[in-house]
$ cat input15.pdb   # PDB, C-alpha atoms
ATOM      1  CA  MET A  13      20.103  70.919  36.709
ATOM      2  CA  SER A  14      23.056  69.558  34.732
ATOM      3  CA  ALA A  15      22.670  66.232  36.602
ATOM      4  CA  LEU A  16      19.032  66.084  35.475
ATOM      5  CA  VAL A  17      19.991  66.771  31.844
ATOM      6  CA  HIS A  18      22.754  64.179  32.119
ATOM      7  CA  ALA A  19      20.288  61.604  33.501
ATOM      8  CA  MET A  20      17.780  62.345  30.718
ATOM      9  CA  VAL A  21      20.457  62.037  28.008
ATOM     10  CA  HIS A  22      21.704  58.835  29.640
ATOM     11  CA  ALA A  23      18.166  57.391  29.686
ATOM     12  CA  LEU A  24      17.622  58.383  26.037
ATOM     13  CA  VAL A  25      20.936  56.822  24.942
ATOM     14  CA  GLY A  26      20.069  53.699  26.962
ATOM     15  CA  ALA A  27      16.651  53.434  25.332
ATOM     16  CA  VAL A  28      18.145  53.808  21.828
ATOM     17  CA  GLN A  29      20.934  51.332  22.572
ATOM     18  CA  SER A  30      18.559  48.745  24.010
ATOM     19  CA  SER A  31      16.335  48.943  20.939
ATOM     20  CA  LEU A  32      19.255  47.811  18.760
ATOM     21  CA  PRO A  33      19.421  44.061  18.024
ATOM     22  CA  GLY A  34      21.633  42.060  20.420
ATOM     23  CA  GLN A  35      21.389  44.625  23.224
ATOM     24  CA  PRO A  36      19.839  43.834  26.639
ATOM     25  CA  PRO A  37      16.373  45.387  27.156
ATOM     26  CA  ASP A  38      16.230  48.685  29.058
ATOM     27  CA  THR A  39      14.678  47.598  32.373
ATOM     28  CA  SER A  40      16.700  50.020  34.491
ATOM     29  CA  PHE A  41      13.596  51.920  35.746
ATOM     30  CA  TRP A  42      12.413  48.848  37.688
ATOM     31  CA  TYR A  43      15.886  48.176  39.033
ATOM     32  CA  HIS A  44      16.292  51.779  40.244
ATOM     33  CA  LEU A  45      12.808  51.800  41.768
ATOM     34  CA  ALA A  46      13.444  48.505  43.592
ATOM     35  CA  TYR A  47      16.760  49.684  45.074
ATOM     36  CA  VAL A  48      15.254  52.983  46.241
ATOM     37  CA  LEU A  49      12.290  51.195  47.863
ATOM     38  CA  VAL A  50      14.566  48.635  49.550
ATOM     39  CA  ALA A  51      16.632  51.456  51.076
ATOM     40  CA  VAL A  52      13.444  53.278  52.178
ATOM     41  CA  ILE A  53      11.942  50.148  53.812
ATOM     42  CA  TYR A  54      15.070  49.107  55.731
ATOM     43  CA  GLY A  55      16.013  52.701  56.619
ATOM     44  CA  GLY A  56      12.453  53.484  57.697
ATOM     45  CA  TYR A  57      12.284  50.409  59.897
ATOM     46  CA  ALA A  58      15.655  51.162  61.540
ATOM     47  CA  LEU A  59      14.413  54.707  62.214
ATOM     48  CA  SER A  60      11.148  53.410  63.671
ATOM     49  CA  VAL A  61      13.002  51.058  66.072
ATOM     50  CA  TRP A  62      15.307  53.897  67.108
ATOM     51  CA  ARG A  63      12.350  56.252  67.787
ATOM     52  CA  ARG A  64      10.472  53.616  69.811
ATOM     53  CA  ARG A  65      13.611  52.826  71.841
ATOM     54  CA  ARG A  66      14.069  56.522  72.603
ATOM     55  CA  ARG A  67      10.423  56.810  73.740
ATOM     56  CA  TRP A  68      10.636  53.823  76.101
ATOM     57  CA  ARG A  69      14.020  54.942  77.457
ATOM     58  CA  SER A  70      12.560  58.330  78.326
ATOM     59  CA  GLN A  71       9.688  56.633  80.205
ATOM     60  CA  SER A  72      11.883  54.323  82.310
TER
ATOM     61  CA  MET B  17      20.677  58.743  66.024
ATOM     62  CA  LYS B  18      23.831  57.072  67.353
ATOM     63  CA  LEU B  19      24.767  53.844  65.601
ATOM     64  CA  SER B  20      26.394  50.892  67.362
ATOM     65  CA  LYS B  21      29.506  49.259  65.859
ATOM     66  CA  LEU B  22      27.282  46.582  64.337
ATOM     67  CA  GLY B  23      25.054  49.302  62.886
ATOM     68  CA  ILE B  24      28.015  51.124  61.330
ATOM     69  CA  LEU B  25      29.265  47.823  59.858
ATOM     70  CA  ALA B  26      25.801  47.043  58.465
ATOM     71  CA  VAL B  27      25.451  50.503  56.863
ATOM     72  CA  LEU B  28      28.957  50.320  55.349
ATOM     73  CA  ALA B  29      28.276  46.823  54.024
ATOM     74  CA  MET B  30      25.002  47.949  52.437
ATOM     75  CA  ILE B  31      26.735  50.966  50.829
ATOM     76  CA  ALA B  32      29.476  48.627  49.536
ATOM     77  CA  LEU B  33      26.787  46.333  48.117
ATOM     78  CA  TYR B  34      25.008  49.201  46.332
ATOM     79  CA  VAL B  35      28.332  50.436  44.841
ATOM     80  CA  ARG B  36      29.257  46.893  43.769
ATOM     81  CA  VAL B  37      25.840  46.283  42.165
ATOM     82  CA  ILE B  38      25.628  49.662  40.401
ATOM     83  CA  TYR B  39      29.199  50.036  39.125
ATOM     84  CA  PHE B  40      30.943  46.663  39.149
ATOM     85  CA  THR B  41      28.335  44.025  38.287
ATOM     86  CA  PRO B  42      27.593  43.178  34.630
ATOM     87  CA  ILE B  43      24.126  43.620  33.177
ATOM     88  CA  GLU B  44      22.451  40.341  32.289
ATOM     89  CA  ALA B  45      21.969  39.958  28.510
ATOM     90  CA  LEU B  46      18.337  38.785  28.434
ATOM     91  CA  GLN B  47      16.758  40.666  31.350
ATOM     92  CA  GLY B  48      18.785  43.874  31.382
ATOM     93  CA  ALA B  49      19.369  45.842  34.588
ATOM     94  CA  ALA B  50      16.230  44.460  36.284
ATOM     95  CA  GLN B  51      18.130  41.210  36.947
ATOM     96  CA  LYS B  52      20.174  43.163  39.533
ATOM     97  CA  ILE B  53      17.099  43.131  41.794
ATOM     98  CA  PHE B  54      18.202  39.541  42.458
ATOM     99  CA  TYR B  55      20.982  40.823  44.799
ATOM    100  CA  VAL B  56      18.451  42.286  47.249
ATOM    101  CA  HIS B  57      15.558  39.904  46.574
ATOM    102  CA  LEU B  58      17.258  36.586  47.389
ATOM    103  CA  PRO B  59      19.231  37.637  50.521
ATOM    104  CA  SER B  60      16.098  39.344  51.901
ATOM    105  CA  ALA B  61      14.141  36.122  51.362
ATOM    106  CA  ILE B  62      16.823  33.968  53.032
ATOM    107  CA  MET B  63      17.064  36.334  56.030
ATOM    108  CA  GLY B  64      13.261  36.572  56.243
ATOM    109  CA  PHE B  65      12.971  32.774  56.395
ATOM    110  CA  THR B  66      15.832  32.670  58.920
ATOM    111  CA  ALA B  67      13.904  35.121  61.090
ATOM    112  CA  VAL B  68      10.818  32.906  60.934
ATOM    113  CA  GLY B  69      13.000  29.946  61.966
ATOM    114  CA  ILE B  70      14.505  31.899  64.882
ATOM    115  CA  ALA B  71      11.016  32.958  66.021
ATOM    116  CA  ALA B  72       9.804  29.336  65.904
ATOM    117  CA  VAL B  73      12.812  27.981  67.822
ATOM    118  CA  ALA B  74      12.641  30.765  70.427
ATOM    119  CA  GLY B  75       8.857  30.313  70.678
ATOM    120  CA  GLY B  76       9.191  26.552  71.070
ATOM    121  CA  LEU B  77      11.823  26.992  73.763
ATOM    122  CA  TYR B  78       9.575  29.544  75.496
ATOM    123  CA  LEU B  79       6.741  26.997  75.640
ATOM    124  CA  TRP B  80       9.170  24.619  77.342
ATOM    125  CA  LEU B  81      11.202  26.937  79.618
ATOM    126  CA  ARG B  82       8.828  29.933  80.120
ATOM    127  CA  ASP B  83      11.738  32.378  79.963
ATOM    128  CA  ALA B  84      10.587  35.929  79.040
ATOM    129  CA  ARG B  85      13.860  36.561  77.169
ATOM    130  CA  LEU B  86      12.951  33.823  74.661
ATOM    131  CA  ASP B  87       9.599  35.511  74.047
ATOM    132  CA  ARG B  88      11.402  38.800  73.418
ATOM    133  CA  ILE B  89      13.696  37.070  70.876
ATOM    134  CA  ALA B  90      10.651  35.552  69.138
ATOM    135  CA  GLU B  91       8.840  38.913  69.134
ATOM    136  CA  SER B  92      11.888  40.654  67.620
ATOM    137  CA  ALA B  93      12.464  37.955  64.991
ATOM    138  CA  ILE B  94       8.801  38.079  63.914
ATOM    139  CA  GLU B  95       8.867  41.845  63.350
ATOM    140  CA  VAL B  96      12.271  41.864  61.623
ATOM    141  CA  GLY B  97      11.231  38.863  59.518
ATOM    142  CA  LEU B  98       8.114  40.750  58.478
ATOM    143  CA  VAL B  99      10.263  43.648  57.227
ATOM    144  CA  PHE B 100      12.541  41.323  55.230
ATOM    145  CA  LEU B 101       9.592  39.480  53.698
ATOM    146  CA  THR B 102       7.985  42.835  52.845
ATOM    147  CA  VAL B 103      11.127  43.670  50.861
ATOM    148  CA  VAL B 104      10.832  40.283  49.112
ATOM    149  CA  LEU B 105       7.198  40.983  48.205
ATOM    150  CA  VAL B 106       8.035  44.487  46.963
ATOM    151  CA  SER B 107      11.220  43.703  45.022
ATOM    152  CA  GLY B 108       9.824  40.501  43.469
ATOM    153  CA  PRO B 109       6.889  42.138  41.636
ATOM    154  CA  LEU B 110       9.135  45.022  40.500
ATOM    155  CA  TRP B 111      11.427  42.414  38.924
ATOM    156  CA  ALA B 112       8.498  40.396  37.538
ATOM    157  CA  ARG B 113       6.843  43.357  35.793
ATOM    158  CA  PRO B 114       9.442  43.823  33.008
ATOM    159  CA  ILE B 115      10.326  40.094  32.763
ATOM    160  CA  TRP B 116       6.976  38.282  33.105
ATOM    161  CA  GLY B 117       4.848  41.215  31.960
ATOM    162  CA  THR B 118       2.872  41.249  35.213
ATOM    163  CA  PHE B 119       3.497  42.312  38.814
ATOM    164  CA  TRP B 120       1.859  39.253  40.309
ATOM    165  CA  THR B 121       0.720  35.762  39.477
ATOM    166  CA  TRP B 122      -0.968  33.317  41.848
ATOM    167  CA  ASP B 123       1.649  30.614  41.486
ATOM    168  CA  ALA B 124       2.631  28.383  44.405
ATOM    169  CA  ARG B 125       5.799  30.149  45.566
ATOM    170  CA  LEU B 126       4.402  33.669  45.425
ATOM    171  CA  THR B 127       1.122  32.681  47.065
ATOM    172  CA  LEU B 128       2.807  30.718  49.871
ATOM    173  CA  THR B 129       5.227  33.586  50.539
ATOM    174  CA  LEU B 130       2.291  36.007  50.730
ATOM    175  CA  PHE B 131       0.552  33.554  53.075
ATOM    176  CA  LEU B 132       3.641  33.495  55.343
ATOM    177  CA  TRP B 133       3.685  37.302  55.283
ATOM    178  CA  PHE B 134       0.051  37.336  56.448
ATOM    179  CA  ILE B 135       0.912  34.886  59.255
ATOM    180  CA  LEU B 136       3.635  37.290  60.436
ATOM    181  CA  VAL B 137       1.261  40.265  60.198
ATOM    182  CA  GLY B 138      -1.279  38.228  62.171
ATOM    183  CA  ASN B 139       1.343  37.459  64.790
ATOM    184  CA  VAL B 140       2.207  41.154  65.224
ATOM    185  CA  ILE B 141      -1.511  42.053  65.495
ATOM    186  CA  LEU B 142      -2.075  39.186  67.947
ATOM    187  CA  ARG B 143       0.742  40.439  70.170
ATOM    188  CA  GLY B 144      -0.803  43.900  70.232
ATOM    189  CA  ALA B 145      -4.271  42.569  71.057
ATOM    190  CA  ILE B 146      -3.486  40.449  74.141
ATOM    191  CA  ASP B 147      -2.629  42.180  77.431
ATOM    192  CA  ASN B 148      -1.699  39.108  79.469
ATOM    193  CA  PRO B 149       2.067  38.638  78.784
ATOM    194  CA  GLU B 150       2.087  34.863  79.309
ATOM    195  CA  LEU B 151      -0.953  34.211  77.133
ATOM    196  CA  ARG B 152       0.435  36.560  74.474
ATOM    197  CA  ALA B 153       3.767  34.729  74.423
ATOM    198  CA  ARG B 154       2.111  31.295  74.199
ATOM    199  CA  TYR B 155      -0.252  32.164  71.341
ATOM    200  CA  SER B 156       2.509  33.991  69.483
ATOM    201  CA  ALA B 157       4.888  31.007  69.874
ATOM    202  CA  VAL B 158       2.322  28.595  68.429
ATOM    203  CA  LEU B 159       1.672  30.904  65.457
ATOM    204  CA  ALA B 160       5.431  31.319  64.875
ATOM    205  CA  ILE B 161       5.876  27.528  64.785
ATOM    206  CA  LEU B 162       2.991  27.201  62.303
ATOM    207  CA  GLY B 163       4.625  29.877  60.133
ATOM    208  CA  ALA B 164       7.964  28.061  60.182
ATOM    209  CA  ILE B 165       6.337  24.845  58.928
ATOM    210  CA  LEU B 166       5.513  26.775  55.745
ATOM    211  CA  VAL B 167       9.150  27.673  54.950
ATOM    212  CA  PRO B 168      10.272  24.259  53.538
ATOM    213  CA  PHE B 169       7.130  24.168  51.391
ATOM    214  CA  ILE B 170       7.979  27.610  49.997
ATOM    215  CA  HIS B 171      11.477  26.393  49.092
ATOM    216  CA  LEU B 172      10.206  23.152  47.508
ATOM    217  CA  SER B 173       7.151  24.733  45.818
ATOM    218  CA  VAL B 174       9.066  25.338  42.569
ATOM    219  CA  TYR B 175       9.812  21.597  42.374
ATOM    220  CA  LEU B 176       6.376  20.403  43.547
ATOM    221  CA  PHE B 177       4.244  22.624  41.302
ATOM    222  CA  ARG B 178       4.448  24.186  37.853
ATOM    223  CA  THR B 179       5.397  27.763  38.671
ATOM    224  CA  LEU B 180       6.402  30.899  36.816
ATOM    225  CA  HIS B 181       8.985  31.574  39.531
ATOM    226  CA  PRO B 182      12.354  30.143  38.411
ATOM    227  CA  LYS B 183      14.024  27.230  40.201
ATOM    228  CA  PRO B 184      17.016  28.083  42.447
ATOM    229  CA  ILE B 185      20.206  28.872  40.552
ATOM    230  CA  LEU B 186      22.308  29.345  43.691
ATOM    231  CA  ILE B 187      20.924  27.207  46.532
ATOM    232  CA  LYS B 188      20.756  23.805  44.831
ATOM    233  CA  PRO B 189      22.648  20.480  44.999
ATOM    234  CA  SER B 190      24.726  21.174  41.845
ATOM    235  CA  ALA B 191      27.129  24.110  41.337
ATOM    236  CA  PRO B 192      25.612  27.636  41.063
ATOM    237  CA  SER B 193      24.813  28.618  37.471
ATOM    238  CA  MET B 194      26.030  32.223  37.605
ATOM    239  CA  PRO B 195      29.109  33.990  36.175
ATOM    240  CA  PRO B 196      31.895  34.552  38.774
ATOM    241  CA  GLU B 197      31.357  38.368  38.906
ATOM    242  CA  MET B 198      27.701  37.843  39.788
ATOM    243  CA  GLU B 199      28.622  35.198  42.357
ATOM    244  CA  THR B 200      31.010  37.651  44.042
ATOM    245  CA  THR B 201      28.277  40.314  44.158
ATOM    246  CA  MET B 202      25.878  37.782  45.647
ATOM    247  CA  ALA B 203      28.475  36.812  48.282
ATOM    248  CA  ILE B 204      28.859  40.514  49.234
ATOM    249  CA  ALA B 205      25.054  40.815  49.301
ATOM    250  CA  PHE B 206      24.760  37.890  51.719
ATOM    251  CA  CYS B 207      27.432  39.378  54.034
ATOM    252  CA  ALA B 208      25.696  42.792  53.973
ATOM    253  CA  PHE B 209      22.256  41.310  54.641
ATOM    254  CA  ILE B 210      23.507  39.084  57.468
ATOM    255  CA  LEU B 211      24.983  42.187  59.138
ATOM    256  CA  LEU B 212      21.803  44.205  58.526
ATOM    257  CA  PHE B 213      19.665  41.383  59.900
ATOM    258  CA  ALA B 214      21.861  40.968  62.999
ATOM    259  CA  TYR B 215      21.780  44.735  63.624
ATOM    260  CA  LEU B 216      18.002  45.081  63.254
ATOM    261  CA  LEU B 217      17.319  41.969  65.360
ATOM    262  CA  HIS B 218      19.644  43.199  68.111
ATOM    263  CA  GLU B 219      18.106  46.690  68.124
ATOM    264  CA  ARG B 220      14.583  45.242  68.179
ATOM    265  CA  TYR B 221      15.525  42.970  71.091
ATOM    266  CA  LEU B 222      16.903  45.961  73.012
ATOM    267  CA  LEU B 223      13.643  47.801  72.317
ATOM    268  CA  ALA B 224      11.623  44.892  73.767
ATOM    269  CA  THR B 225      13.873  44.791  76.850
ATOM    270  CA  GLU B 226      13.625  48.553  77.424
ATOM    271  CA  ARG B 227       9.842  48.455  76.998
ATOM    272  CA  GLU B 228       9.530  45.692  79.615
ATOM    273  CA  SER B 229      11.773  47.640  81.970
ATOM    274  CA  ALA B 230       9.740  50.860  81.484
ATOM    275  CA  LEU B 231       6.457  48.995  82.071
ATOM    276  CA  GLU B 232       7.845  47.426  85.268
ATOM    277  CA  HIS B 233       8.902  50.883  86.495
ATOM    278  CA  SER B 234       5.494  52.385  85.771
ATOM    279  CA  GLU B 235       3.728  49.482  87.547
ATOM    280  CA  ARG B 236       5.964  49.974  90.588
ATOM    281  CA  ASP B 237       5.234  53.725  90.568
ATOM    282  CA  ASP B 238       1.482  53.050  90.314
ATOM    283  CA  ALA B 239       1.698  50.691  93.295
ATOM    284  CA  ARG B 240       3.479  53.383  95.335
ATOM    285  CA  VAL B 241       0.775  55.935  94.486
ATOM    286  CA  VAL B 242      -2.102  53.556  95.243
ATOM    287  CA  GLN B 243      -0.778  52.293  98.603
ATOM    288  CA  PRO B 244      -1.096  55.578 100.637
ATOM    289  CA  MET B 245      -4.563  56.178  99.198
ATOM    290  CA  VAL B 246      -5.676  52.734 100.349
ATOM    291  CA  ALA B 247      -4.058  53.306 103.781
ATOM    292  CA  GLY B 248      -5.717  56.749 103.994
ATOM    293  CA  HIS B 249      -9.085  55.313 103.061
ATOM    294  CA  GLY B 250      -8.763  52.612 105.752
ATOM    295  CA  ALA B 251      -7.904  55.203 108.442
TER
END
$ encode --input "input15.pdb" --output "structure tokens"
Amino acid sequence: MSALVHAMVHALVGAVQSSLPGQPPDTSFWYHLAYVLVAVIYGGYALSVWRRRRRWRSQS
Amino acid sequence: MKLSKLGILAVLAMIALYVRVIYFTPIEALQGAAQKIFYVHLPSAIMGFTAVGIAAVAGGLYLWLRDARLDRIAESAIEVGLVFLTVVLVSGPLWARPIWGTFWTWDARLTLTLFLWFILVGNVILRGAIDNPELRARYSAVLAILGAILVPFIHLSVYLFRTLHPKPILIKPSAPSMPPEMETTMAIAFCAFILLFAYLLHERYLLATERESALEHSERDDARVVQPMVAGHGA
């Protein structure tokens, strides 16, 4: 719960900071989403290869 | 799920990359944190194109030598390449949305990359649709070679056409135009993605080998079952 509050405060501070002149825009949502999806795609594929290998090994 | 040494190395390298990107890489002033998508987008694209190249070379050699191992290498490279290009086509639009204001635009580089992705999807579907192993390998090899012809055009598309996609800032004749901290992160990213690619390609090749072996076993078992029935019928 405290981690969630911390994340929300962090996001709020980031949004305020990025609205100030001279600060980089707050585009962290897209960056976080991309890194999560990349991990899901590669991890999911590795898992799929492992499951298929196990299936064929059990048949041979 | 037991990981091989290469698998453990790949996972550790990817964790190191994530830590480096999140905690030790500066945020770009104009684009903000979204610029960090670059560290997974570019290496995925390079490894995806490498996979297409491997599939074409292995396919071409198969057409010449007719060695089933070469077909298995091509098959593995096509599937792994498809995964890497999927990451490119997912991470790219997520980066484009906050910077260009749109997920997608039909400019030359994006369209050609999507076209290559469809060729790889077509190759996977083709392999699943043909039962004859030799015919399957031949058709797949030809399609892999056609896909590989597209790769240089994808690289040169930003020079040949007016595109929204930026020109290379790393892979170009002059020196890379990135700060040293970002260059270090990109170097780590390339190492991590090379390991990940090698691991996935190796695992996929082992899968193809084990599948062939299992199919050979089942065919031999079928032959053993059929033989006495035929002999019994004759008697």
$ closest_atom_pairs --input "input15.pdb" --of "range 40-116 of chain B" --to "range 169-173 of chain B" --cutoff "12 Å" --atoms "only C-alpha atoms" --output "JSON lines"
{"residue": "B:Leu58", "atom": "CA", "partner": "B:His171", "partner_atom": "CA", "distance": 11.8}
{"residue": "B:Ala61", "atom": "CA", "partner": "B:His171", "partner_atom": "CA", "distance": 10.3}
{"residue": "B:Ile62", "atom": "CA", "partner": "B:His171", "partner_atom": "CA", "distance": 10.1}
{"residue": "B:Phe65", "atom": "CA", "partner": "B:Ile170", "partner_atom": "CA", "distance": 9.6}
$ interface_residues --input "input15.pdb" --of "chain B" --to "chain A" --cutoff "8 Å" --atoms "all atoms listed in the file" --output "PyMOL selection string"
chain B and resi 17+43-53+56+99+103+106-107+110-111+114+216+219-220+222-223+226-227+229-231+233-234
$ resolve_selection --input "input15.pdb" --expression "the PyMOL selection byres ((chain B and resi 33) around 8)" --output "VMD selection string"
chain B and resid 29 to 32 34 to 37 201 204 to 205 208
$ atom_distance --input "input15.pdb" --atom1 "CA of Val73 in chain B" --atom2 "CA of Tyr221 in chain B"
15.6 Å
$ atom_distance --input "input15.pdb" --atom1 "CA of Ser190 in chain B" --atom2 "CA of Val174 in chain B"
16.2 Å
$ residues_around --input "input15.pdb" --residues "range 162-166 of chain B" --least-positions-apart "5" --cutoff "9 Å" --atoms "only C-alpha atoms" --output "list in words"
Phe65, Val68, Gly69, Ile70, Ala71, Ala72, Leu128, Thr129, Phe131, Leu132, Trp133, Ile135, Leu136, Ala157 and His171 of chain B
